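Chemist: What follows is work_37.cif, made up of mmCIF, C-alpha atoms:
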```cif
data_run
#
loop_
_atom_site.label_atom_id
_atom_site.label_comp_id
_atom_site.auth_asym_id
_atom_site.auth_seq_id
_atom_site.Cartn_x
_atom_site.Cartn_y
_atom_site.Cartn_z
CA MET I 143 87.54 179.13 100.85
CA ARG I 144 89.85 176.37 102.05
CA ILE I 145 93.35 176.41 100.56
CA ASP I 146 93.14 172.79 99.36
CA LYS I 147 89.89 173.54 97.51
CA PHE I 148 91.28 176.76 96.02
CA LEU I 149 94.37 174.96 94.67
CA LYS I 150 92.10 172.42 92.98
CA ASN I 151 89.59 174.99 91.62
CA ALA I 152 92.39 177.17 90.23
CA ARG I 153 93.86 174.03 88.63
CA ILE I 154 97.24 174.61 90.28
CA ILE I 155 97.03 171.07 91.66
CA LYS I 156 94.82 168.60 89.78
CA ARG I 157 93.17 166.79 92.70
CA ARG I 158 92.03 168.05 96.08
CA THR I 159 93.51 165.02 97.85
CA ILE I 160 96.94 165.88 96.44
CA ALA I 161 96.48 169.52 97.51
CA LYS I 162 95.56 168.29 100.99
CA GLU I 163 98.66 166.07 101.15
CA ALA I 164 100.89 168.96 100.01
CA CYS I 165 99.52 171.08 102.87
CA GLU I 166 99.97 168.28 105.40
CA GLN I 167 103.61 167.87 104.29
CA GLY I 168 104.29 171.58 104.89
CA ARG I 169 104.78 172.42 101.20
CA VAL I 170 102.15 175.20 101.11
CA SER I 171 102.33 178.52 102.93
CA ILE I 172 99.91 181.44 103.08
CA ASN I 173 101.46 184.87 103.71
CA GLY I 174 104.65 183.19 104.97
CA LYS I 175 102.88 180.83 107.40
CA VAL I 176 102.75 177.06 106.78
CA ALA I 177 99.19 176.18 105.79
CA LYS I 178 96.93 173.39 106.96
CA PRO I 179 94.46 171.95 104.40
CA GLY I 180 91.51 173.68 106.08
CA ASP I 181 93.08 177.14 106.35
CA GLU I 182 90.96 179.84 104.73
CA VAL I 183 92.30 182.03 101.93
CA LYS I 184 91.00 185.40 100.80
CA VAL I 185 91.64 187.81 97.95
CA GLY I 186 95.07 189.40 98.33
CA ASP I 187 96.71 186.46 100.12
CA ARG I 188 100.13 185.39 98.88
CA VAL I 189 100.65 181.65 98.56
CA GLN I 190 103.87 179.71 98.05
CA ILE I 191 103.98 176.06 96.99
CA ALA I 192 107.19 174.04 97.19
CA PHE I 193 106.03 171.40 94.72
CA GLY I 194 108.58 170.16 92.19
CA THR I 195 111.97 171.72 91.52
CA GLU I 196 111.13 175.41 91.94
CA PRO I 197 108.65 177.00 94.38
CA MET I 198 105.60 178.70 92.89
CA ASN I 199 104.54 182.06 94.32
CA PHE I 200 101.22 183.68 93.50
CA GLU I 201 98.67 186.18 94.78
CA ILE I 202 94.98 185.35 94.94
CA LEU I 203 92.91 187.72 92.76
CA ASN I 204 89.49 186.08 92.92
CA ILE I 205 87.73 183.22 94.67
CA SER I 206 84.96 181.20 93.04
CA ASP I 207 83.44 177.77 93.64
CA ASN I 208 82.60 176.92 90.03
CA VAL I 209 85.33 177.86 87.58
CA LYS I 210 85.64 176.92 83.93
CA LYS I 211 89.03 175.71 82.78
CA ASP I 212 89.60 178.82 80.65
CA ASP I 213 88.79 181.12 83.60
CA ALA I 214 91.01 179.35 86.16
CA LEU I 215 94.06 181.52 85.38
CA GLY I 216 92.08 184.60 86.39
CA LEU I 217 91.92 183.43 90.00
CA TYR I 218 95.59 184.13 90.71
CA LYS I 219 98.61 186.11 89.54
CA LYS I 220 102.02 184.46 89.47
CA ILE I 221 104.76 186.35 91.31
CA GLU I 222 108.36 185.93 90.20
#
```
Just give me the structure of the file as C-alpha cells.
Modeler:
Amino acid sequence: MRIDKFLKNARIIKRRTIAKEACEQGRVSINGKVAKPGDEVKVGDRVQIAFGTEPMNFEILNISDNVKKDDALGLYKKIE
C-alpha cells in the first residue's frame, strides 16, 4: 500500500492530499529513508513523521484498504 494512502486509512493524517504533501516536503520517512507519496509500505516497516512540534514514530502492524474508525489504531503501534 502507498504510504500516503496508509497514513489516511490509519487516520494519522486526515486527508490523503495532506499526506501526499507531507511526503513531498520530506516530512515522512520509512525505515530511515525519506519517503515519496507513492512508496510502498509493508507490515513491520517503521515510519517517522515530522508533523507538528514533535516527530511521531510508529511501526506498521497491519495493512487494510477499508478500516472502521474504531479499528484504525490497530494498524500501527506508536514507538516512543
Chemist: Apply the PyMOL selection byres ((chain I and resi 217) around 8) to the file shown and report the selected residues as an mmCIF file with C-alpha atoms, in the coordinates of the input.
Modeler:
```cif
data_model
loop_
_atom_site.group_PDB
_atom_site.id
_atom_site.type_symbol
_atom_site.label_atom_id
_atom_site.label_comp_id
_atom_site.auth_asym_id
_atom_site.auth_seq_id
_atom_site.Cartn_x
_atom_site.Cartn_y
_atom_site.Cartn_z
ATOM 1 C CA ALA I 152 92.390 177.170 90.230
ATOM 2 C CA ILE I 202 94.980 185.350 94.940
ATOM 3 C CA LEU I 203 92.910 187.720 92.760
ATOM 4 C CA ASN I 204 89.490 186.080 92.920
ATOM 5 C CA ILE I 205 87.730 183.220 94.670
ATOM 6 C CA SER I 206 84.960 181.200 93.040
ATOM 7 C CA ASP I 213 88.790 181.120 83.600
ATOM 8 C CA ALA I 214 91.010 179.350 86.160
ATOM 9 C CA LEU I 215 94.060 181.520 85.380
ATOM 10 C CA GLY I 216 92.080 184.600 86.390
ATOM 11 C CA TYR I 218 95.590 184.130 90.710
ATOM 12 C CA LYS I 219 98.610 186.110 89.540
#
```
Chemist: Name the residues that the PyMOL selection byres ((chain I and resi 164) around 10) pulls out of this structure, and write them as number ranges by chain.
Modeler: I: 146, 155, 158-163, 165-170, 177-179, 191-193
Chemist: May I have the centre and edge lengths, in Å to one decimal, of an axis-aligned box around the listed atoms of region 196-200 of chain I with 3 Å added to every side, as AutoDock Vina command-line options?
Modeler:
```
--center_x 106.2 --center_y 179.5 --center_z 93.2 --size_x 15.9 --size_y 14.3 --size_z 8.4
```
Chemist: Just to confirm, what's the straight-line distance from CA of Val176 (chain I) to CA of Val209 (chain I) in Å (one decimal)?
Modeler: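 Interatomic distance, CA of Val176 (chain I) to CA of Val209 (chain I): 25.9 Å.
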Chemist: Quick one: distance from CA of Asp187 (chain I) to CA of Arg157 (chain I) in Å, one decimal?
Modeler: 21.3 Å
Chemist: Here is a test: counting all atoms listed in the file, which residue of I:Lys156, I:Lys210, I:Ile145, I:Glu201 is nearest to Gly186 (chain I)?
Modeler: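 Using all atoms listed in the file, the shortest distance to Gly186 (chain I) belongs to I:Glu201.
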